[in-house]
>>> print(open('coords-v5.cif').read())   # mmCIF, C-alpha atoms
data_entry
#
loop_
_atom_site.label_atom_id
_atom_site.label_comp_id
_atom_site.auth_asym_id
_atom_site.auth_seq_id
_atom_site.Cartn_x
_atom_site.Cartn_y
_atom_site.Cartn_z
CA MET A 1 -2.76 151.46 120.38
CA LYS A 2 -1.33 154.95 120.61
CA PRO A 3 -2.80 157.56 118.23
CA GLU A 4 0.51 158.06 116.42
CA ILE A 5 0.60 154.30 115.67
CA ALA A 6 -3.01 154.39 114.41
CA LEU A 7 -1.91 157.20 112.08
CA ALA A 8 1.03 155.03 110.84
CA GLY A 9 3.55 157.57 112.11
CA ARG A 10 7.21 156.75 112.46
CA PHE A 11 9.35 157.74 115.42
CA PRO A 12 10.11 160.52 116.35
CA TYR A 13 6.55 161.37 115.18
CA GLU A 14 7.06 164.86 113.79
CA TYR A 15 4.02 167.08 113.41
CA LYS A 16 4.49 167.72 109.67
CA GLU A 17 4.73 164.01 108.91
CA ILE A 18 1.61 163.21 110.95
CA GLU A 19 -0.28 166.01 109.19
CA VAL A 20 0.59 164.53 105.78
CA LEU A 21 -0.37 161.03 106.93
CA TYR A 22 -3.69 162.31 108.27
CA ASP A 23 -4.58 163.80 104.89
CA GLN A 24 -3.55 160.53 103.20
CA TRP A 25 -5.85 158.52 105.49
CA LEU A 26 -8.83 160.75 104.72
CA GLU A 27 -8.11 160.53 101.00
CA ALA A 28 -7.68 156.75 101.15
CA TYR A 29 -10.95 156.08 103.02
CA GLY A 30 -12.84 158.41 100.71
CA SER A 31 -11.52 156.98 97.44
CA ILE A 32 -11.89 153.36 98.60
CA SER A 33 -15.51 154.03 99.62
CA ASN A 34 -16.22 155.28 96.11
CA GLU A 35 -14.56 152.26 94.50
CA TYR A 36 -16.10 149.70 96.88
CA PRO A 37 -19.51 150.92 98.12
CA SER A 38 -19.95 147.77 100.22
CA VAL A 39 -17.33 149.03 102.73
CA LYS A 40 -18.56 152.63 102.85
CA GLU A 41 -20.18 152.35 106.29
CA PHE A 42 -17.11 150.83 107.90
CA ALA A 43 -14.85 153.31 106.11
CA GLU A 44 -16.86 156.15 107.66
CA LYS A 45 -16.32 154.65 111.13
CA LEU A 46 -12.59 154.33 110.47
CA THR A 47 -12.54 157.93 109.24
CA GLU A 48 -13.98 159.13 112.56
CA ARG A 49 -11.43 156.95 114.32
CA ILE A 50 -8.51 158.51 112.45
CA LYS A 51 -9.87 162.02 113.07
CA PHE A 52 -9.92 161.28 116.80
CA ALA A 53 -6.36 159.90 116.60
CA TYR A 54 -5.17 163.10 114.90
CA LYS A 55 -6.94 165.26 117.49
CA LEU A 56 -5.35 163.34 120.36
CA PHE A 57 -1.92 163.47 118.79
CA LEU A 58 -2.11 167.27 118.52
CA GLU A 59 -3.27 167.58 122.13
CA ARG A 60 -0.53 165.29 123.43
CA ASP A 61 2.18 166.70 121.20
CA CYS A 62 1.54 170.25 122.38
CA PRO A 63 0.40 169.87 126.01
CA ASN A 64 -0.21 172.71 128.44
CA SER A 65 3.14 172.13 130.12
CA ARG A 66 2.46 174.60 132.94
CA LYS A 67 -0.76 172.81 133.86
CA VAL A 68 0.95 169.44 133.84
CA SER A 69 3.91 170.71 135.86
CA ASN A 70 1.59 172.15 138.49
CA PHE A 71 -0.02 168.76 139.04
CA CYS A 72 2.85 166.36 138.32
CA GLY A 73 3.49 166.00 142.03
CA ASP A 74 -0.11 164.98 142.65
CA ASP A 75 -0.26 161.16 142.48
CA SER A 76 -4.04 161.05 142.13
CA TYR A 77 -3.93 163.49 139.21
CA MET A 78 -1.24 161.50 137.40
CA GLU A 79 -3.10 158.23 138.00
CA GLU A 80 -6.27 159.71 136.52
CA LEU A 81 -4.29 161.08 133.56
CA SER A 82 -2.80 157.62 132.91
CA ARG A 83 -6.23 155.97 133.16
CA VAL A 84 -7.77 158.41 130.67
CA ARG A 85 -4.88 157.97 128.26
CA LYS A 86 -5.18 154.21 128.41
CA GLU A 87 -8.91 154.39 127.67
CA GLU A 88 -8.20 156.68 124.73
CA ASP A 89 -5.48 154.39 123.38
CA ASP A 90 -7.67 151.31 123.81
CA SER A 91 -10.40 152.97 121.74
CA PHE A 92 -8.25 152.55 118.62
CA ASP A 93 -8.12 148.77 119.00
CA GLY A 94 -10.75 146.65 117.33
CA ASP A 95 -11.70 143.33 115.83
CA PHE A 96 -10.57 144.10 112.29
CA PRO A 97 -7.28 143.69 110.40
CA LEU A 98 -4.57 145.94 111.89
CA GLY A 99 -6.83 146.55 114.85
CA ASN A 100 -3.99 146.06 117.33
CA GLU A 101 -0.72 147.85 117.96
CA LYS A 102 1.52 144.86 117.22
CA ASP A 103 0.21 144.30 113.69
CA MET A 104 -0.09 148.00 112.89
CA SER A 105 3.44 148.79 114.11
CA PHE A 106 4.75 146.03 111.88
CA ALA A 107 2.66 146.64 108.74
CA LYS A 108 3.12 150.43 108.60
CA ARG A 109 6.78 149.86 107.75
CA PHE A 110 5.98 147.90 104.58
CA PHE A 111 2.67 149.23 103.23
CA SER A 112 1.44 152.62 102.03
CA VAL A 113 -1.45 154.37 103.80
CA ARG A 114 -3.84 153.37 101.04
CA GLU A 115 -2.72 149.75 101.29
CA LEU A 116 -3.14 149.84 105.08
CA ALA A 117 -6.66 151.19 104.60
CA LEU A 118 -7.45 148.41 102.12
CA ILE A 119 -6.24 145.83 104.64
CA GLN A 120 -8.35 147.35 107.42
CA LEU A 121 -11.43 147.27 105.21
CA GLY A 122 -10.99 143.60 104.31
CA LEU A 123 -9.75 144.37 100.80
CA ALA A 124 -6.18 143.09 101.15
CA HIS A 125 -6.76 140.80 98.17
CA THR A 126 -6.97 143.85 95.90
CA ILE A 127 -3.35 144.86 96.60
CA ASP A 128 -1.24 144.10 93.51
CA LEU A 129 2.09 142.93 94.93
CA GLU A 130 3.65 142.33 91.52
CA LYS A 131 2.87 145.83 90.31
CA ALA A 132 4.46 147.37 93.40
CA ALA A 133 7.44 144.96 93.55
CA ARG A 134 10.91 146.53 93.68
CA ASN A 135 12.97 143.35 93.83
CA VAL A 136 13.96 143.93 97.45
CA PRO A 137 13.58 141.77 100.61
CA ALA A 138 10.55 143.84 101.65
CA ASP A 139 8.64 142.34 98.70
CA HIS A 140 8.70 138.95 100.47
CA ILE A 141 7.70 140.51 103.80
CA ARG A 142 4.72 142.23 102.20
CA LYS A 143 3.69 138.93 100.63
CA GLY A 144 4.15 137.13 103.95
CA PHE A 145 1.90 139.55 105.82
CA LEU A 146 -0.91 139.29 103.27
CA ILE A 147 -0.66 135.50 103.32
CA GLU A 148 -0.70 135.58 107.12
CA LEU A 149 -4.01 137.48 107.00
CA GLN A 150 -5.45 134.45 105.19
CA GLY A 151 -4.34 132.10 107.98
CA LEU A 152 -1.86 130.30 105.72
CA TRP A 153 0.77 130.13 108.43
CA HIS A 154 3.37 127.89 106.81
CA GLU A 155 3.35 129.80 103.53
CA ALA A 156 3.60 133.10 105.41
CA ALA A 157 6.56 131.86 107.45
CA ARG A 158 8.43 130.82 104.32
CA ALA A 159 7.82 134.24 102.74
CA TYR A 160 9.11 135.99 105.87
CA LYS A 161 12.18 133.74 105.83
CA LYS A 162 12.99 134.86 102.28
CA GLY A 163 12.58 138.51 103.24
CA ARG A 164 14.41 138.72 106.54
CA GLN A 165 18.07 139.64 106.65
CA PHE A 166 18.77 138.86 110.30
CA ARG A 167 18.11 136.06 112.77
CA SER A 168 16.36 138.42 115.16
CA GLY A 169 13.91 141.28 115.06
CA GLU A 170 10.22 141.65 114.21
CA VAL A 171 10.32 139.78 110.89
CA TYR A 172 12.13 136.82 112.43
CA ASP A 173 9.68 136.79 115.36
CA ARG A 174 6.67 136.73 113.02
CA GLU A 175 8.28 133.95 110.99
CA GLN A 176 8.70 131.82 114.13
CA GLU A 177 5.15 132.62 115.31
CA CYS A 178 3.76 131.52 111.94
CA PHE A 179 5.72 128.27 112.04
CA ALA A 180 4.36 127.60 115.54
CA LYS A 181 0.78 128.36 114.42
CA ALA A 182 1.17 126.10 111.38
CA LYS A 183 2.34 123.24 113.56
CA ALA A 184 -0.46 123.78 116.09
CA GLU A 185 -3.10 123.98 113.37
CA ARG A 186 -1.82 120.81 111.70
CA GLY A 187 -2.08 118.96 114.99
CA ARG A 188 -5.47 120.35 116.10
CA CYS A 189 -7.75 117.57 117.37
CA PRO A 190 -10.85 117.28 115.13
CA LYS A 191 -12.92 115.99 118.05
CA CYS A 192 -12.33 118.54 120.82
CA GLY A 193 -10.33 121.24 119.03
CA SER A 194 -7.36 121.02 121.40
CA THR A 195 -3.82 121.71 120.16
CA ASP A 196 -2.35 119.77 123.08
CA THR A 197 -1.46 116.86 120.82
CA LEU A 198 1.49 114.59 120.19
CA ASN A 199 2.83 113.64 116.77
CA THR A 200 3.25 109.87 117.04
CA GLY A 201 4.56 109.22 113.54
CA SER A 202 4.73 110.20 109.88
CA GLY A 203 4.06 108.12 106.82
CA GLU A 204 6.10 107.88 103.65
CA VAL A 205 6.73 110.95 101.55
CA ASN A 206 5.08 110.87 98.15
CA PRO A 207 7.20 112.87 95.67
CA GLU A 208 5.22 114.84 93.08
CA THR A 209 6.84 116.11 89.89
CA GLY A 210 10.25 116.03 91.55
CA ASP A 211 9.57 119.26 93.41
CA ILE A 212 10.36 118.50 97.03
CA SER A 213 8.37 121.46 98.34
CA LEU A 214 5.13 119.93 97.00
CA ASP A 215 5.40 116.54 98.71
CA THR A 216 2.80 115.33 101.19
CA CYS A 217 2.82 112.78 103.95
CA THR A 218 0.33 111.36 106.43
CA GLU A 219 0.94 112.13 110.10
CA THR A 220 -0.57 110.35 113.10
CA TRP A 221 -1.52 112.33 116.21
CA GLN A 222 -2.65 111.56 119.76
CA CYS A 223 -4.76 114.16 121.59
CA ASN A 224 -3.67 114.58 125.22
CA SER A 225 -6.99 116.22 126.14
CA CYS A 226 -9.57 113.68 124.94
CA GLY A 227 -7.42 110.72 123.84
CA GLU A 228 -8.53 110.88 120.20
CA THR A 229 -6.16 109.42 117.61
CA PHE A 230 -6.30 111.03 114.19
CA THR A 231 -4.32 111.47 111.00
CA THR A 232 -3.60 114.49 108.83
CA GLU A 233 -2.04 115.10 105.46
CA ALA A 234 0.57 117.81 105.53
CA ASP A 235 2.80 119.49 103.02
CA VAL A 236 6.42 118.45 103.47
CA TYR A 237 9.14 121.08 103.14
CA TYR A 238 12.84 120.42 103.39
CA ASN A 239 15.48 122.81 104.64
CA LEU A 240 19.22 122.90 104.42
CA VAL A 241 20.21 123.21 108.08
CA ILE A 242 23.59 124.62 109.11
CA ASN A 243 24.94 124.53 112.64
CA TRP A 244 27.82 126.99 112.69
CA ARG A 245 30.51 128.49 114.88
CA TYR A 246 31.70 131.96 113.94
CA LYS A 247 35.07 133.22 115.21
CA TYR A 248 36.24 136.84 115.05
CA ASP A 249 39.86 137.62 115.99
CA LYS A 250 41.30 141.14 116.00
CA GLU A 251 44.89 141.35 117.22
CA GLY A 252 44.36 138.53 119.71
CA ARG A 253 40.95 139.71 120.92
CA THR A 254 38.62 136.84 120.07
CA ASN A 255 34.84 136.49 120.00
CA ASN A 256 32.94 133.29 119.24
CA GLU A 257 29.27 132.75 118.47
CA ASP A 258 27.31 129.60 117.76
CA GLY A 259 24.09 129.41 115.80
CA GLU A 260 21.75 127.41 113.63
CA ASP A 261 20.18 128.62 110.38
CA PHE A 262 17.56 127.11 108.05
CA TYR A 263 17.61 127.73 104.30
CA ASN A 264 14.97 126.82 101.73
CA LEU A 265 16.22 123.77 99.85
CA GLU A 266 15.81 125.18 96.36
CA GLU A 267 18.03 124.18 93.46
CA GLY A 268 20.05 127.17 92.24
CA ALA A 269 19.39 129.27 95.36
CA THR A 270 22.27 131.37 96.73
CA TYR A 271 22.51 132.77 100.26
CA SER A 272 25.08 134.72 102.29
CA LEU A 273 26.77 132.97 105.20
CA PRO A 274 26.10 134.32 108.72
CA TYR A 275 28.34 137.36 109.49
CA MET A 276 30.28 136.83 106.24
CA SER A 277 28.18 138.33 103.45
CA ASP A 278 31.04 138.01 100.95
CA ARG A 279 31.11 134.22 101.40
CA LYS A 280 28.24 132.43 99.69
CA LEU A 281 26.15 129.34 100.23
CA GLU A 282 25.00 127.90 96.90
CA ILE A 283 22.64 124.95 96.41
CA ARG A 284 23.80 123.62 93.05
CA TRP A 285 21.39 120.72 92.60
CA VAL A 286 18.78 118.74 94.50
CA LYS A 287 17.74 115.14 93.83
CA VAL A 288 14.79 113.14 95.16
CA ASP A 289 14.91 109.33 95.37
CA GLY A 290 11.89 108.07 97.30
CA ASP A 291 12.21 109.64 100.74
CA THR A 292 15.95 110.32 100.31
CA ILE A 293 16.87 113.93 99.53
CA THR A 294 20.39 114.72 98.32
CA ALA A 295 21.93 118.07 97.43
CA GLU A 296 25.27 119.40 96.26
CA VAL A 297 26.13 122.51 98.23
CA CYS A 298 28.98 124.95 97.89
CA ALA A 299 29.55 126.45 101.35
CA GLY A 300 32.47 128.83 101.67
CA TYR A 301 35.53 127.01 100.35
CA ASP A 302 34.00 123.54 100.26
CA THR A 303 31.65 121.78 97.87
CA VAL A 304 29.89 118.91 99.64
CA ILE A 305 27.10 116.37 99.16
CA VAL A 306 24.42 116.59 101.85
CA SER A 307 21.58 114.14 102.52
CA ASN A 308 18.73 113.76 104.96
CA LYS A 309 19.81 110.13 105.41
CA GLY A 310 23.51 110.72 106.05
CA GLU A 311 25.75 112.22 108.72
CA ASP A 312 26.31 115.95 109.07
CA VAL A 313 28.85 117.23 106.54
CA SER A 314 31.54 119.78 107.44
CA ALA A 315 32.47 122.95 105.55
CA TYR A 316 34.61 125.98 106.30
CA ALA A 317 35.17 129.59 105.25
CA SER A 318 37.47 132.36 106.43
CA SER A 319 38.57 135.89 105.63
CA GLU A 320 41.41 138.25 106.55
CA TYR A 321 41.51 142.04 106.29
CA SER A 322 42.73 145.14 108.08
CA VAL A 323 40.75 147.61 110.21
CA CYS A 324 42.55 150.82 111.22
CA GLY A 325 45.85 149.01 110.87
CA ASP A 326 44.76 146.02 112.96
CA CYS A 327 44.70 142.58 111.38
CA VAL A 328 41.31 140.88 111.51
CA HIS A 329 40.71 137.18 110.94
CA GLU A 330 37.21 135.75 110.84
CA SER A 331 36.09 132.22 110.14
CA ILE A 332 33.02 130.05 110.19
CA SER A 333 32.94 126.29 110.72
CA MET A 334 29.76 124.57 109.56
CA ALA A 335 27.96 121.25 109.89
CA LEU A 336 25.35 120.79 107.12
CA THR A 337 22.38 118.47 106.93
CA ILE A 338 18.91 118.29 105.40
CA LYS A 339 15.83 118.23 107.62
CA LYS A 340 12.10 118.22 107.15
CA ASP A 341 10.10 121.10 108.65
#
>>> encode(input="coords-v5.cif", output="structure tokens")
Amino acid sequence: MKPEIALAGRFPYEYKEIEVLYDQWLEAYGSISNEYPSVKEFAEKLTERIKFAYKLFLERDCPNSRKVSNFCGDDSYMEELSRVRKEEDDSFDGDFPLGNEKDMSFAKRFFSVRELALIQLGLAHTIDLEKAARNVPADHIRKGFLIELQGLWHEAARAYKKGRQFRSGEVYDREQECFAKAKAERGRCPKCGSTDTLNTGSGEVNPETGDISLDTCTETWQCNSCGETFTTEADVYYNLVINWRYKYDKEGRTNNEDGEDFYNLEEGATYSLPYMSDRKLEIRWVKVDGDTITAEVCAGYDTVIVSNKGEDVSAYASSEYSVCGDCVHESISMALTIKKD
């Protein structure tokens, strides 16, 4: 990773900010070493790593421009410069939490320097999420990342889903990656370890205490690599699924977009509809009868009964307003159903 990423800098990576972050890293490693002597040796290695990152950042941020300009037309010089830089950047990667650019670039947006240091040193479990909670979406993202570090993919994905505000971007991508990992792990062959398996059927759902997110079922799998047939017990989660078509019309200029969104099927939960934050989706009640799940949902203007055993149910919402004197009409047509993850 680049030295400015290792330092948890944020674009455009100003010198003063990096200087403050550097001091925070040194303070964090030092104080954590005193609190947890068992990580002192590794903390010292990470301290040397962050010192090198700071040194490189200063060198690259204030280069000898005349020297570079004199050689920028020399292909061999530029190739050697690129090779050296890559080696330097690669030196910041490692087999420890946040030891790669993807994770570090993501986590530095949601955790303090001290928290990042705790994660690197294997002390993520000491971070008190409740104490630092601010009742904002980022609280769920922080929780999701710490759960992801434990390899609890499905739980992490659900936390990310609660925290994300858009159907794209880094949080959404991590949510989808965690769902994929959860599915692959659930279907991992116990004989050969392959994830090239086929789900050949699921058993009956066994409701527990009426909470549909705590149900379990038995699944049967066939391994395509070694032919082994095996069964697993998996948690069963249900989602309210909405296939929608959004239409935006401004003085005859029309745009349409289709999409599909998944919402946690939780009684009393309220969500905003896609593109229309002033129109709400409210799950008023949820009932479990064997393997039949039924919910009353208020979506836009319509209150409907949705079931995992019935047909898709339609709902609609619209809005009109003026922008710079132009009349705007937007609407969303929805088809609602309930599906198991």
>>> atom_distance(input="coords-v5.cif", atom1="atom CA of Ala117 of chain A", atom2="atom CA of Leu56 of chain A")
19.9 Å
>>> closest_residue(input="coords-v5.cif", among="A:Asp61, A:Glu115, A:Asp89, A:Glu170", to="Asp103 of chain A", atoms="only C-alpha atoms")
A:Glu170
>>> closest_residue(input="coords-v5.cif", among="A:Ala138, A:Ala180, A:Leu265, A:Leu146", to="Gly163 of chain A", atoms="only C-alpha atoms")
A:Ala138
>>> resolve_selection(input="coords-v5.cif", expression="the PyMOL selection byres ((chain A and resi 244) around 8)", output="JSON, numbers by chain")
{"A": [242, 243, 245, 246, 258, 259, 260, 332, 333, 334, 335]}
>>> resolve_selection(input="coords-v5.cif", expression="the PyMOL selection byres ((chain A and resi 128) around 12)", output="VMD selection string")
chain A and resid 111 115 118 123 to 127 129 to 133 139 142 to 143 146
>>> residues_around(input="coords-v5.cif", residues="Glu311 of chain A", least_positions_apart="2", cutoff="10 Å", atoms="all atoms listed in the file", output="list of chain:residue names")
A:Val306, A:Ser307, A:Asn308, A:Lys309, A:Val313, A:Ser314, A:Ala335, A:Leu336, A:Thr337, A:Ile338
>>> resolve_selection(input="coords-v5.cif", expression="the PyMOL selection byres ((chain A and resi 282-286) around 10)", output="NGL selection string")
:A and (210-212 or 240 or 263-273 or 279-281 or 287-288 or 293-300 or 303-307)
>>> atom_distance(input="coords-v5.cif", atom1="atom CA of Cys327 of chain A", atom2="atom CA of Met276 of chain A")
16.4 Å
>>> closest_residue(input="coords-v5.cif", among="A:Glu27, A:Val328, A:Phe230, A:Ser38", to="Cys189 of chain A", atoms="all atoms listed in the file")
A:Phe230
>>> closest_residue(input="coords-v5.cif", among="A:Asn199, A:Ser168, A:Thr47, A:Asn135", to="Gln120 of chain A", atoms="only C-alpha atoms")
A:Thr47
>>> closest_residue(input="coords-v5.cif", among="A:Asn239, A:Ser91, A:Ser277, A:Thr197", to="Ala317 of chain A", atoms="all atoms listed in the file")
A:Ser277
>>> atom_distance(input="coords-v5.cif", atom1="atom CA of Lys51 of chain A", atom2="atom CA of Phe106 of chain A")
21.7 Å
>>> residues_around(input="coords-v5.cif", residues="Tyr54 of chain A", least_positions_apart="4", cutoff="8 Å", atoms="all atoms listed in the file", output="PDB file with C-alpha atoms, keeping the file's coordinate frame")
ATOM      1  CA  PRO A   3      -2.800 157.560 118.230  1.00  0.00           C
ATOM      2  CA  GLU A   4       0.510 158.060 116.420  1.00  0.00           C
ATOM      3  CA  LEU A   7      -1.910 157.200 112.080  1.00  0.00           C
ATOM      4  CA  ILE A  18       1.610 163.210 110.950  1.00  0.00           C
ATOM      5  CA  TYR A  22      -3.690 162.310 108.270  1.00  0.00           C
ATOM      6  CA  ILE A  50      -8.510 158.510 112.450  1.00  0.00           C
ATOM      7  CA  LEU A  58      -2.110 167.270 118.520  1.00  0.00           C
TER       8      LEU A  58
END
>>> residues_near_point(input="coords-v5.cif", point="(19.8, 139.1, 106.2)", cutoff="9 Å", atoms="all atoms listed in the file", output="PyMOL selection string")
chain A and resi 137+162-167+272+274+277
